file start.cif (mmCIF, C-alpha atoms and all ligand atoms)
data_entry
loop_
_atom_site.group_PDB
_atom_site.id
_atom_site.type_symbol
_atom_site.label_atom_id
_atom_site.label_comp_id
_atom_site.auth_asym_id
_atom_site.auth_seq_id
_atom_site.Cartn_x
_atom_site.Cartn_y
_atom_site.Cartn_z
ATOM 1 C CA SER G 226 5.704 8.478 -13.980
ATOM 2 C CA VAL G 227 2.659 9.713 -12.084
ATOM 3 C CA THR G 228 2.092 13.420 -11.365
ATOM 4 C CA PRO G 229 1.811 13.808 -7.570
ATOM 5 C CA ARG G 230 -1.676 14.951 -6.576
ATOM 6 C CA VAL G 231 -3.651 15.762 -3.442
ATOM 7 C CA ALA G 232 -6.341 13.164 -2.775
ATOM 8 C CA LEU G 233 -9.189 13.012 -0.276
ATOM 9 C CA VAL G 234 -10.443 9.451 0.249
ATOM 10 C CA THR G 235 -13.417 8.525 2.464
ATOM 11 C CA GLY G 236 -14.088 5.295 4.358
ATOM 12 C CA THR G 237 -10.469 4.353 4.793
ATOM 13 C CA SER G 238 -10.163 2.312 7.987
ATOM 14 C CA SER G 239 -10.644 -0.965 6.089
ATOM 15 C CA GLY G 240 -11.517 -2.588 2.786
ATOM 16 C CA ILE G 241 -11.495 -0.740 -0.536
ATOM 17 C CA GLY G 242 -10.776 2.691 0.994
ATOM 18 C CA GLU G 243 -7.733 1.353 2.835
ATOM 19 C CA ALA G 244 -6.445 -0.242 -0.393
ATOM 20 C CA VAL G 245 -6.933 3.055 -2.267
ATOM 21 C CA VAL G 246 -5.030 5.009 0.418
ATOM 22 C CA ARG G 247 -2.094 2.558 0.298
ATOM 23 C CA HIS G 248 -2.012 2.573 -3.494
ATOM 24 C CA PHE G 249 -2.190 6.383 -3.743
ATOM 25 C CA CYS G 250 0.640 6.722 -1.181
ATOM 26 C CA ARG G 251 2.769 4.262 -3.188
ATOM 27 C CA LEU G 252 2.154 6.413 -6.298
ATOM 28 C CA GLY G 253 3.418 9.488 -4.405
ATOM 29 C CA HIS G 254 0.109 11.285 -3.888
ATOM 30 C CA GLN G 255 -0.575 13.296 -0.724
ATOM 31 C CA VAL G 256 -3.606 11.705 0.878
ATOM 32 C CA LEU G 257 -6.138 12.818 3.470
ATOM 33 C CA ALA G 258 -7.940 9.690 4.684
ATOM 34 C CA VAL G 259 -11.346 10.452 6.208
ATOM 35 C CA ASP G 260 -13.278 8.030 8.411
ATOM 36 C CA PHE G 261 -15.476 8.147 11.505
ATOM 37 C CA ASN G 262 -13.673 5.156 12.978
ATOM 38 C CA PRO G 263 -10.618 6.355 14.974
ATOM 39 C CA ALA G 264 -8.843 3.109 13.967
ATOM 40 C CA GLY G 265 -8.458 4.776 10.584
ATOM 41 C CA ARG G 266 -5.671 6.945 11.989
ATOM 42 C CA GLU G 267 -3.237 4.053 12.408
ATOM 43 C CA VAL G 268 -4.132 2.617 8.994
ATOM 44 C CA ALA G 269 -3.581 6.014 7.355
ATOM 45 C CA GLU G 270 -0.361 6.879 9.148
ATOM 46 C CA GLU G 271 1.152 3.455 8.451
ATOM 47 C CA ALA G 272 0.463 4.012 4.744
ATOM 48 C CA GLY G 273 1.987 7.527 4.851
ATOM 49 C CA ALA G 274 -1.334 9.386 4.679
ATOM 50 C CA SER G 275 -2.873 12.015 6.967
ATOM 51 C CA PHE G 276 -6.068 11.248 8.845
ATOM 52 C CA PHE G 277 -9.187 13.273 9.606
ATOM 53 C CA GLN G 278 -11.934 11.836 11.766
ATOM 54 C CA ALA G 279 -15.417 12.720 10.530
ATOM 55 C CA ASP G 280 -18.891 11.248 10.530
ATOM 56 C CA LEU G 281 -19.864 11.948 6.932
ATOM 57 C CA THR G 282 -23.602 11.626 7.613
ATOM 58 C CA ASP G 283 -23.142 15.199 8.932
ATOM 59 C CA GLY G 284 -22.929 17.908 6.245
ATOM 60 C CA ASP G 285 -20.687 20.171 8.333
ATOM 61 C CA ALA G 286 -18.271 17.265 8.795
ATOM 62 C CA CYS G 287 -18.115 16.793 4.997
ATOM 63 C CA ARG G 288 -17.230 20.464 4.511
ATOM 64 C CA ALA G 289 -14.709 20.290 7.382
ATOM 65 C CA ALA G 290 -12.962 17.321 5.733
ATOM 66 C CA VAL G 291 -12.405 19.238 2.497
ATOM 67 C CA ALA G 292 -11.308 22.339 4.442
ATOM 68 C CA GLU G 293 -8.786 20.162 6.300
ATOM 69 C CA ALA G 294 -7.303 18.808 3.051
ATOM 70 C CA ILE G 295 -6.939 22.350 1.719
ATOM 71 C CA LYS G 296 -5.405 23.502 5.020
ATOM 72 C CA ARG G 297 -2.852 20.676 5.058
ATOM 73 C CA PHE G 298 -2.058 20.359 1.337
ATOM 74 C CA GLY G 299 -3.303 23.560 -0.315
ATOM 75 C CA ARG G 300 -5.877 21.983 -2.643
ATOM 76 C CA VAL G 301 -7.902 18.895 -3.532
ATOM 77 C CA ASP G 302 -7.220 17.262 -6.910
ATOM 78 C CA ILE G 303 -8.804 13.844 -6.426
ATOM 79 C CA LEU G 304 -11.918 12.976 -4.425
ATOM 80 C CA VAL G 305 -12.756 9.305 -3.848
ATOM 81 C CA ASN G 306 -16.235 8.839 -2.370
ATOM 82 C CA ASN G 307 -15.993 5.375 -0.868
ATOM 83 C CA ALA G 308 -17.504 5.337 2.663
ATOM 84 C CA GLY G 309 -20.517 3.050 2.808
ATOM 85 C CA ILE G 310 -22.579 0.742 4.965
ATOM 86 C CA GLN G 311 -25.206 -1.924 4.344
ATOM 87 C CA HIS G 312 -28.484 -2.775 6.046
ATOM 88 C CA VAL G 313 -30.626 -5.692 4.936
ATOM 89 C CA ALA G 314 -34.383 -5.775 5.578
ATOM 90 C CA PRO G 315 -37.481 -6.013 3.386
ATOM 91 C CA VAL G 316 -39.105 -2.730 2.312
ATOM 92 C CA GLU G 317 -42.024 -3.430 4.623
ATOM 93 C CA GLU G 318 -39.760 -3.529 7.671
ATOM 94 C CA PHE G 319 -36.899 -1.218 6.671
ATOM 95 C CA PRO G 320 -36.272 1.255 9.535
ATOM 96 C CA GLU G 321 -36.602 4.926 8.496
ATOM 97 C CA THR G 322 -33.516 5.874 10.541
ATOM 98 C CA LYS G 323 -31.391 3.312 8.640
ATOM 99 C CA TRP G 324 -32.780 4.516 5.313
ATOM 100 C CA ARG G 325 -31.864 8.129 6.153
ATOM 101 C CA GLN G 326 -28.410 7.182 7.466
ATOM 102 C CA ILE G 327 -27.593 5.268 4.281
ATOM 103 C CA ILE G 328 -28.834 8.031 1.949
ATOM 104 C CA ASP G 329 -26.976 10.677 4.010
ATOM 105 C CA LEU G 330 -23.681 8.750 3.984
ATOM 106 C CA MET G 331 -23.750 7.260 0.495
ATOM 107 C CA LEU G 332 -25.527 9.899 -1.607
ATOM 108 C CA THR G 333 -25.664 13.240 0.221
ATOM 109 C CA ALA G 334 -22.059 13.103 1.508
ATOM 110 C CA PRO G 335 -20.603 12.418 -1.979
ATOM 111 C CA PHE G 336 -22.642 15.392 -3.242
ATOM 112 C CA LEU G 337 -21.501 17.716 -0.426
ATOM 113 C CA LEU G 338 -17.862 16.606 -0.716
ATOM 114 C CA SER G 339 -17.940 17.158 -4.504
ATOM 115 C CA GLN G 340 -19.508 20.578 -3.962
ATOM 116 C CA ALA G 341 -16.903 21.560 -1.355
ATOM 117 C CA ALA G 342 -13.937 20.306 -3.426
ATOM 118 C CA TRP G 343 -15.209 21.804 -6.693
ATOM 119 C CA PRO G 344 -13.800 25.373 -6.370
ATOM 120 C CA SER G 345 -10.294 23.996 -5.743
ATOM 121 C CA MET G 346 -10.495 21.662 -8.761
ATOM 122 C CA ARG G 347 -11.924 24.428 -10.952
ATOM 123 C CA GLU G 348 -9.129 26.828 -9.952
ATOM 124 C CA SER G 349 -6.495 24.185 -10.835
ATOM 125 C CA GLY G 350 -8.307 23.356 -14.074
ATOM 126 C CA TRP G 351 -7.872 19.699 -13.093
ATOM 127 C CA GLY G 352 -9.960 17.401 -10.947
ATOM 128 C CA ARG G 353 -11.005 13.790 -10.562
ATOM 129 C CA ILE G 354 -14.130 12.648 -8.748
ATOM 130 C CA ILE G 355 -14.328 8.871 -8.352
ATOM 131 C CA ASN G 356 -17.465 7.444 -6.810
ATOM 132 C CA ILE G 357 -17.351 3.891 -5.497
ATOM 133 C CA ALA G 358 -20.824 2.697 -6.442
ATOM 134 C CA SER G 359 -21.638 -1.010 -6.845
ATOM 135 C CA VAL G 360 -23.071 -3.626 -9.139
ATOM 136 C CA HIS G 361 -26.124 -2.652 -7.069
ATOM 137 C CA ALA G 362 -26.044 0.711 -8.882
ATOM 138 C CA GLN G 363 -27.018 -1.268 -12.020
ATOM 139 C CA VAL G 364 -29.232 -4.098 -10.757
ATOM 140 C CA ALA G 365 -31.155 -4.800 -7.549
ATOM 141 C CA SER G 366 -31.290 -7.624 -5.030
ATOM 142 C CA PRO G 367 -34.015 -8.078 -2.427
ATOM 143 C CA GLY G 368 -33.576 -6.605 1.052
ATOM 144 C CA LYS G 369 -31.209 -3.770 0.141
ATOM 145 C CA SER G 370 -33.594 -0.934 -0.787
ATOM 146 C CA ALA G 371 -31.651 1.936 0.814
ATOM 147 C CA TYR G 372 -28.230 0.786 -0.399
ATOM 148 C CA ILE G 373 -29.488 0.178 -3.935
ATOM 149 C CA SER G 374 -31.335 3.499 -4.063
ATOM 150 C CA ALA G 375 -28.243 5.375 -2.838
ATOM 151 C CA LYS G 376 -25.994 3.604 -5.363
ATOM 152 C CA HIS G 377 -28.367 4.180 -8.287
ATOM 153 C CA GLY G 378 -28.530 7.847 -7.214
ATOM 154 C CA MET G 379 -24.745 8.004 -7.150
ATOM 155 C CA ILE G 380 -24.707 7.217 -10.889
ATOM 156 C CA GLY G 381 -26.984 10.209 -11.517
ATOM 157 C CA LEU G 382 -24.696 12.425 -9.451
ATOM 158 C CA THR G 383 -21.668 11.109 -11.365
ATOM 159 C CA LYS G 384 -23.213 11.844 -14.768
ATOM 160 C CA THR G 385 -24.312 15.361 -13.755
ATOM 161 C CA ALA G 386 -20.889 16.217 -12.293
ATOM 162 C CA ALA G 387 -19.280 14.908 -15.500
ATOM 163 C CA LEU G 388 -21.389 17.228 -17.665
ATOM 164 C CA GLU G 389 -20.721 20.261 -15.456
ATOM 165 C CA GLY G 390 -17.018 19.487 -15.024
ATOM 166 C CA GLY G 391 -16.208 18.799 -18.661
ATOM 167 C CA SER G 392 -15.275 22.378 -19.536
ATOM 168 C CA GLN G 393 -13.326 22.810 -16.278
ATOM 169 C CA GLY G 394 -10.903 19.885 -16.455
ATOM 170 C CA ILE G 395 -12.908 17.937 -13.885
ATOM 171 C CA THR G 396 -13.931 14.344 -14.636
ATOM 172 C CA ALA G 397 -16.401 12.257 -12.620
ATOM 173 C CA ASN G 398 -16.727 8.496 -12.865
ATOM 174 C CA ALA G 399 -18.277 5.655 -10.918
ATOM 175 C CA ILE G 400 -16.888 2.184 -10.261
ATOM 176 C CA CYS G 401 -19.369 -0.657 -9.873
ATOM 177 C CA PRO G 402 -17.853 -3.692 -8.146
ATOM 178 C CA ALA G 403 -19.512 -6.993 -7.340
ATOM 179 C CA TYR G 404 -18.473 -8.659 -4.052
ATOM 180 C CA VAL G 405 -15.038 -7.534 -2.836
ATOM 181 C CA LYS G 406 -13.182 -9.316 -0.025
ATOM 182 C CA THR G 407 -13.646 -6.718 2.759
ATOM 183 C CA PRO G 408 -15.057 -6.635 6.320
ATOM 184 C CA LEU G 409 -18.398 -5.394 4.878
ATOM 185 C CA VAL G 410 -18.717 -8.622 2.891
ATOM 186 C CA ASP G 411 -17.256 -10.882 5.625
ATOM 187 C CA ASN G 412 -20.107 -9.704 7.872
ATOM 188 C CA GLN G 413 -22.679 -10.442 5.171
ATOM 189 C CA ILE G 414 -21.250 -13.925 4.619
ATOM 190 C CA ALA G 415 -21.477 -14.661 8.348
ATOM 191 C CA ASP G 416 -25.049 -13.274 8.557
ATOM 192 C CA GLN G 417 -26.263 -15.225 5.521
ATOM 193 C CA ALA G 418 -24.634 -18.436 6.796
ATOM 194 C CA LYS G 419 -26.531 -18.083 10.063
ATOM 195 C CA LEU G 420 -29.760 -17.099 8.301
ATOM 196 C CA HIS G 421 -29.757 -20.045 5.884
ATOM 197 C CA GLY G 422 -27.961 -22.588 8.092
ATOM 198 C CA MET G 423 -25.176 -22.866 5.496
ATOM 199 C CA GLN G 424 -21.378 -23.094 5.588
ATOM 200 C CA GLU G 425 -19.639 -19.798 4.741
ATOM 201 C CA GLN G 426 -18.089 -21.332 1.607
ATOM 202 C CA GLU G 427 -21.570 -22.375 0.432
ATOM 203 C CA VAL G 428 -22.822 -18.805 0.960
ATOM 204 C CA ILE G 429 -19.970 -17.474 -1.191
ATOM 205 C CA GLU G 430 -20.518 -20.015 -3.957
ATOM 206 C CA GLN G 431 -24.319 -20.251 -3.983
ATOM 207 C CA ILE G 432 -25.368 -16.695 -3.055
ATOM 208 C CA MET G 433 -22.556 -14.210 -3.669
ATOM 209 C CA LEU G 434 -21.199 -15.778 -6.857
ATOM 210 C CA LYS G 435 -24.555 -16.980 -8.196
ATOM 211 C CA ASN G 436 -24.535 -14.373 -10.989
ATOM 212 C CA ALA G 437 -20.764 -14.281 -11.521
ATOM 213 C CA ALA G 438 -19.033 -15.634 -14.635
ATOM 214 C CA VAL G 439 -15.675 -15.428 -12.838
ATOM 215 C CA LYS G 440 -16.202 -17.519 -9.707
ATOM 216 C CA ARG G 441 -14.182 -15.683 -7.061
ATOM 217 C CA LEU G 442 -14.409 -12.631 -4.856
ATOM 218 C CA ILE G 443 -12.668 -9.424 -5.987
ATOM 219 C CA GLU G 444 -9.547 -8.197 -4.163
ATOM 220 C CA PRO G 445 -9.595 -4.605 -2.782
ATOM 221 C CA ASP G 446 -6.342 -3.936 -4.696
ATOM 222 C CA GLU G 447 -8.081 -4.727 -7.981
ATOM 223 C CA VAL G 448 -10.515 -1.887 -7.287
ATOM 224 C CA ALA G 449 -7.685 0.405 -6.122
ATOM 225 C CA GLU G 450 -5.860 -0.115 -9.459
ATOM 226 C CA LEU G 451 -8.958 1.026 -11.354
ATOM 227 C CA VAL G 452 -9.344 4.047 -9.053
ATOM 228 C CA ALA G 453 -5.710 4.955 -9.761
ATOM 229 C CA TYR G 454 -6.296 4.728 -13.508
ATOM 230 C CA LEU G 455 -9.405 6.928 -13.370
ATOM 231 C CA ALA G 456 -7.452 9.415 -11.213
ATOM 232 C CA SER G 457 -4.570 9.572 -13.683
ATOM 233 C CA ASP G 458 -3.798 12.040 -16.480
ATOM 234 C CA SER G 459 -4.327 9.195 -18.980
ATOM 235 C CA ALA G 460 -8.021 8.986 -18.067
ATOM 236 C CA GLY G 461 -8.835 12.581 -19.046
ATOM 237 C CA ALA G 462 -11.240 11.460 -21.791
ATOM 238 C CA VAL G 463 -13.131 9.091 -19.473
ATOM 239 C CA THR G 464 -16.003 10.892 -17.747
ATOM 240 C CA GLY G 465 -19.580 10.177 -16.777
ATOM 241 C CA ALA G 466 -18.790 6.473 -17.004
ATOM 242 C CA SER G 467 -19.920 3.659 -14.743
ATOM 243 C CA TRP G 468 -17.129 1.151 -14.864
ATOM 244 C CA ASN G 469 -18.137 -2.366 -13.886
ATOM 245 C CA ILE G 470 -15.699 -4.646 -12.120
ATOM 246 C CA ASP G 471 -18.311 -7.286 -11.485
ATOM 247 C CA LEU G 472 -17.030 -10.725 -12.537
ATOM 248 C CA GLY G 473 -19.439 -10.597 -15.479
ATOM 249 C CA TRP G 474 -22.541 -10.315 -13.241
ATOM 250 C CA THR G 475 -24.310 -7.685 -15.415
ATOM 251 C CA ALA G 476 -23.288 -9.337 -18.707
ATOM 252 C CA GLN G 477 -26.207 -11.726 -18.506
HETATM 253 P P1 LIG A 501 -15.728 -1.451 4.718
HETATM 254 O O1 LIG A 501 -16.790 -1.668 5.726
HETATM 255 O O2 LIG A 501 -14.481 -2.249 4.778
HETATM 256 O O3 LIG A 501 -15.333 0.092 4.665
HETATM 257 C C1 LIG A 501 -16.279 1.121 4.770
HETATM 258 C C2 LIG A 501 -15.621 2.282 5.470
HETATM 259 O O4 LIG A 501 -16.569 3.352 5.621
HETATM 260 C C3 LIG A 501 -15.125 1.926 6.877
HETATM 261 O O5 LIG A 501 -13.812 2.389 7.014
HETATM 262 C C4 LIG A 501 -16.083 2.668 7.781
HETATM 263 O O6 LIG A 501 -15.511 3.043 9.015
HETATM 264 C C5 LIG A 501 -16.426 3.889 6.919
HETATM 265 N N1 LIG A 501 -17.648 4.534 7.352
HETATM 266 C C6 LIG A 501 -18.833 3.954 7.656
HETATM 267 N N2 LIG A 501 -19.713 4.876 8.088
HETATM 268 C C7 LIG A 501 -19.073 6.080 8.059
HETATM 269 C C8 LIG A 501 -19.445 7.410 8.395
HETATM 270 N N3 LIG A 501 -20.670 7.685 8.880
HETATM 271 N N4 LIG A 501 -18.543 8.401 8.220
HETATM 272 C C9 LIG A 501 -17.310 8.125 7.758
HETATM 273 N N5 LIG A 501 -16.885 6.885 7.429
HETATM 274 C C10 LIG A 501 -17.757 5.871 7.585
HETATM 275 O O7 LIG A 501 -16.457 -1.645 3.306
HETATM 276 P P2 LIG A 501 -15.929 -1.813 1.810
HETATM 277 O O8 LIG A 501 -16.452 -3.116 1.355
HETATM 278 O O9 LIG A 501 -14.499 -1.499 1.659
HETATM 279 O O10 LIG A 501 -16.836 -0.715 1.099
HETATM 280 C C11 LIG A 501 -16.354 0.503 0.597
HETATM 281 C C12 LIG A 501 -17.318 0.997 -0.474
HETATM 282 O O11 LIG A 501 -17.369 0.061 -1.536
HETATM 283 C C13 LIG A 501 -18.754 1.181 0.021
HETATM 284 O O12 LIG A 501 -19.315 2.344 -0.540
HETATM 285 C C14 LIG A 501 -19.442 -0.051 -0.521
HETATM 286 O O13 LIG A 501 -20.816 0.169 -0.731
HETATM 287 C C15 LIG A 501 -18.710 -0.237 -1.838
HETATM 288 N N6 LIG A 501 -18.801 -1.590 -2.391
HETATM 289 C C16 LIG A 501 -18.339 -2.661 -1.690
HETATM 290 C C17 LIG A 501 -18.468 -3.914 -2.235
HETATM 291 C C18 LIG A 501 -17.989 -5.131 -1.516
HETATM 292 O O14 LIG A 501 -18.329 -6.236 -1.959
HETATM 293 N N7 LIG A 501 -17.211 -5.034 -0.461
HETATM 294 C C19 LIG A 501 -19.050 -4.095 -3.484
HETATM 295 C C20 LIG A 501 -19.507 -2.971 -4.171
HETATM 296 C C21 LIG A 501 -19.376 -1.724 -3.614
#
call {"tool": "encode", "arguments": {"input": "start.cif", "output": "structure tokens"}}
result
Amino acid sequence: SVTPRVALVTGTSSGIGEAVVRHFCRLGHQVLAVDFNPAGREVAEEAGASFFQADLTDGDACRAAVAEAIKRFGRVDILVNNAGIQHVAPVEEFPETKWRQIIDLMLTAPFLLSQAAWPSMRESGWGRIINIASVHAQVASPGKSAYISAKHGMIGLTKTAALEGGSQGITANAICPAYVKTPLVDNQIADQAKLHGMQEQEVIEQIMLKNAAVKRLIEPDEVAELVAYLASDSAGAVTGASWNIDLGWTAQ
């Protein structure tokens, strides 16, 4: 049986975040789902979670999200930093505003949310920080400088939080997936198909799965199961880790 916990999950209106919210609710956790898209409310409430609308590129909004979880549920035990976006352009042309937006959302927000949730976890003597990074936290691909820089930075944040949290019952880990079947990837498939004049299936096989040993996309639920493990009591000895779920991409 799973000890019921209070979880704050970001980026929950679709994809991996939505799957994590559903899975946590099934396990009996109390969940605050945080997203800037108001559509996240229906997704959250259908799963049995609470919803808080926040644009996490704003530091005050990050702090408000944690304050809301504490107001509604009394504490934060589990923080899942999942909200993310992509923008593809060569370094030479990459817009500064996009760079800053991606770093704010995908590196600064996880830092500020960890900082804001820390006192509650320390007081309980138990905490789990789970950062949804990417295979692009380990290796690069052209055109994704901001995303890849944010994800590599997230690994540094994870390791530092793990060292500081070790004596306080707080673990911090990162998950590094390859391509997961979500709207973020559907959009990339459509864009690449247009760009290269290819069928969508060809884009999946020839571009997305080029480096994969297992030739299929990952299901959001497969990532959610790993999040649930890292959030569990059983994972207390796992910290500072970057856990690949990448179809064998980085094995080569
Ligand atoms: P998604 O687009 O389905 O979900 C991203 C969520 O983040 C959405 O709900 C969106 O509304 C929310 N969001 C975006 N900007 C926000 C903001 N400013 N404030 C608050 N919320 C915001 O994408 P996904 O594929 O489920 O991605 C989730 C995470 O997993 C991201 O960090 C992504 O980088 C990572 N990831 C995805 C894949 C993949 O192949 N899909 C692979 C590796 C890592």
call {"tool": "residues_around", "arguments": {"input": "start.cif", "residues": "Glu267 (chain G)", "least_positions_apart": "4", "cutoff": "9 Å", "atoms": "only C-alpha atoms", "output": "ChimeraX atom specification"}}
result
/G:238,263,271-272,276
call {"tool": "resolve_selection", "arguments": {"input": "start.cif", "expression": "the PyMOL selection byres (((chain G and resi 248) around 10) and not hetatm)", "output": "ChimeraX atom specification"}}
result
/G:242-247,249-254,272,446,449-450,452-453
call {"tool": "resolve_selection", "arguments": {"input": "start.cif", "expression": "the PyMOL selection byres (((chain G and resi 328-345) around 7) and not hetatm)", "output": "list in words"}}
result
Leu281, Thr282, Gly284, Cys287, Arg288, Val291, Arg300, Val301, Asn306, Ala308, Gly309, Trp324, Arg325, Gln326, Ile327, Met346, Arg347, Glu348, Ser349, Ala371, Ala375, Gly378 and Met379 of chain G
call {"tool": "closest_residue", "arguments": {"input": "start.cif", "among": "G:Leu388, G:Ile357, G:Ala418, G:Ala399", "to": "ligand LIG 501 (chain A)", "atoms": "all atoms listed in the file"}}
result
G:Ile357
call {"tool": "closest_atom_pairs", "arguments": {"input": "start.cif", "of": "chain G", "to": "ligand LIG 501 (chain A)", "cutoff": "8 Å", "atoms": "only C-alpha atoms and all ligand atoms", "output": "JSON lines"}}
result
{"residue": "G:Thr235", "atom": "CA", "partner": "A:LIG501", "partner_atom": "N5", "distance": 6.3}
{"residue": "G:Gly236", "atom": "CA", "partner": "A:LIG501", "partner_atom": "O4", "distance": 3.4}
{"residue": "G:Thr237", "atom": "CA", "partner": "A:LIG501", "partner_atom": "O5", "distance": 4.5}
{"residue": "G:Ser238", "atom": "CA", "partner": "A:LIG501", "partner_atom": "O5", "distance": 3.8}
{"residue": "G:Ser239", "atom": "CA", "partner": "A:LIG501", "partner_atom": "O2", "distance": 4.3}
{"residue": "G:Gly240", "atom": "CA", "partner": "A:LIG501", "partner_atom": "O9", "distance": 3.4}
{"residue": "G:Ile241", "atom": "CA", "partner": "A:LIG501", "partner_atom": "O9", "distance": 3.8}
{"residue": "G:Gly242", "atom": "CA", "partner": "A:LIG501", "partner_atom": "O9", "distance": 5.6}
{"residue": "G:Glu243", "atom": "CA", "partner": "A:LIG501", "partner_atom": "O9", "distance": 7.4}
{"residue": "G:Val259", "atom": "CA", "partner": "A:LIG501", "partner_atom": "C9", "distance": 6.6}
{"residue": "G:Asp260", "atom": "CA", "partner": "A:LIG501", "partner_atom": "N5", "distance": 3.9}
{"residue": "G:Phe261", "atom": "CA", "partner": "A:LIG501", "partner_atom": "C9", "distance": 4.2}
{"residue": "G:Asn262", "atom": "CA", "partner": "A:LIG501", "partner_atom": "O6", "distance": 4.9}
{"residue": "G:Gly265", "atom": "CA", "partner": "A:LIG501", "partner_atom": "O5", "distance": 6.9}
{"residue": "G:Gln278", "atom": "CA", "partner": "A:LIG501", "partner_atom": "C9", "distance": 7.7}
{"residue": "G:Ala279", "atom": "CA", "partner": "A:LIG501", "partner_atom": "C9", "distance": 5.7}
{"residue": "G:Asp280", "atom": "CA", "partner": "A:LIG501", "partner_atom": "N4", "distance": 3.7}
{"residue": "G:Leu281", "atom": "CA", "partner": "A:LIG501", "partner_atom": "N4", "distance": 4.0}
{"residue": "G:Thr282", "atom": "CA", "partner": "A:LIG501", "partner_atom": "N3", "distance": 5.1}
{"residue": "G:Asp283", "atom": "CA", "partner": "A:LIG501", "partner_atom": "N3", "distance": 7.9}
{"residue": "G:Asn306", "atom": "CA", "partner": "A:LIG501", "partner_atom": "O12", "distance": 7.4}
{"residue": "G:Asn307", "atom": "CA", "partner": "A:LIG501", "partner_atom": "O12", "distance": 4.5}
{"residue": "G:Ala308", "atom": "CA", "partner": "A:LIG501", "partner_atom": "O4", "distance": 3.7}
{"residue": "G:Gly309", "atom": "CA", "partner": "A:LIG501", "partner_atom": "O12", "distance": 3.6}
{"residue": "G:Ile310", "atom": "CA", "partner": "A:LIG501", "partner_atom": "C6", "distance": 5.6}
{"residue": "G:Gln311", "atom": "CA", "partner": "A:LIG501", "partner_atom": "O13", "distance": 7.0}
{"residue": "G:Gln326", "atom": "CA", "partner": "A:LIG501", "partner_atom": "N3", "distance": 7.9}
{"residue": "G:Leu330", "atom": "CA", "partner": "A:LIG501", "partner_atom": "N3", "distance": 5.8}
{"residue": "G:Met331", "atom": "CA", "partner": "A:LIG501", "partner_atom": "O12", "distance": 6.7}
{"residue": "G:Ile357", "atom": "CA", "partner": "A:LIG501", "partner_atom": "O11", "distance": 5.5}
{"residue": "G:Ala358", "atom": "CA", "partner": "A:LIG501", "partner_atom": "C21", "distance": 5.4}
{"residue": "G:Ser359", "atom": "CA", "partner": "A:LIG501", "partner_atom": "C20", "distance": 3.9}
{"residue": "G:Val360", "atom": "CA", "partner": "A:LIG501", "partner_atom": "C20", "distance": 6.1}
{"residue": "G:His361", "atom": "CA", "partner": "A:LIG501", "partner_atom": "C20", "distance": 7.2}
{"residue": "G:Tyr372", "atom": "CA", "partner": "A:LIG501", "partner_atom": "O13", "distance": 7.4}
{"residue": "G:Lys376", "atom": "CA", "partner": "A:LIG501", "partner_atom": "O13", "distance": 7.8}
{"residue": "G:Cys401", "atom": "CA", "partner": "A:LIG501", "partner_atom": "C20", "distance": 6.2}
{"residue": "G:Pro402", "atom": "CA", "partner": "A:LIG501", "partner_atom": "C20", "distance": 4.4}
{"residue": "G:Ala403", "atom": "CA", "partner": "A:LIG501", "partner_atom": "C19", "distance": 4.8}
{"residue": "G:Tyr404", "atom": "CA", "partner": "A:LIG501", "partner_atom": "O14", "distance": 3.2}
{"residue": "G:Val405", "atom": "CA", "partner": "A:LIG501", "partner_atom": "O14", "distance": 3.6}
{"residue": "G:Lys406", "atom": "CA", "partner": "A:LIG501", "partner_atom": "N7", "distance": 5.9}
{"residue": "G:Thr407", "atom": "CA", "partner": "A:LIG501", "partner_atom": "O8", "distance": 4.8}
{"residue": "G:Pro408", "atom": "CA", "partner": "A:LIG501", "partner_atom": "O2", "distance": 4.7}
{"residue": "G:Leu409", "atom": "CA", "partner": "A:LIG501", "partner_atom": "O1", "distance": 4.1}
{"residue": "G:Val410", "atom": "CA", "partner": "A:LIG501", "partner_atom": "N7", "distance": 5.1}
{"residue": "G:Ile443", "atom": "CA", "partner": "A:LIG501", "partner_atom": "O14", "distance": 7.6}
{"residue": "G:Pro445", "atom": "CA", "partner": "A:LIG501", "partner_atom": "O9", "distance": 7.3}
call {"tool": "atom_distance", "arguments": {"input": "start.cif", "atom1": "CA of Gln393 (chain G)", "atom2": "CA of Pro229 (chain G)"}}
result
19.6 Å
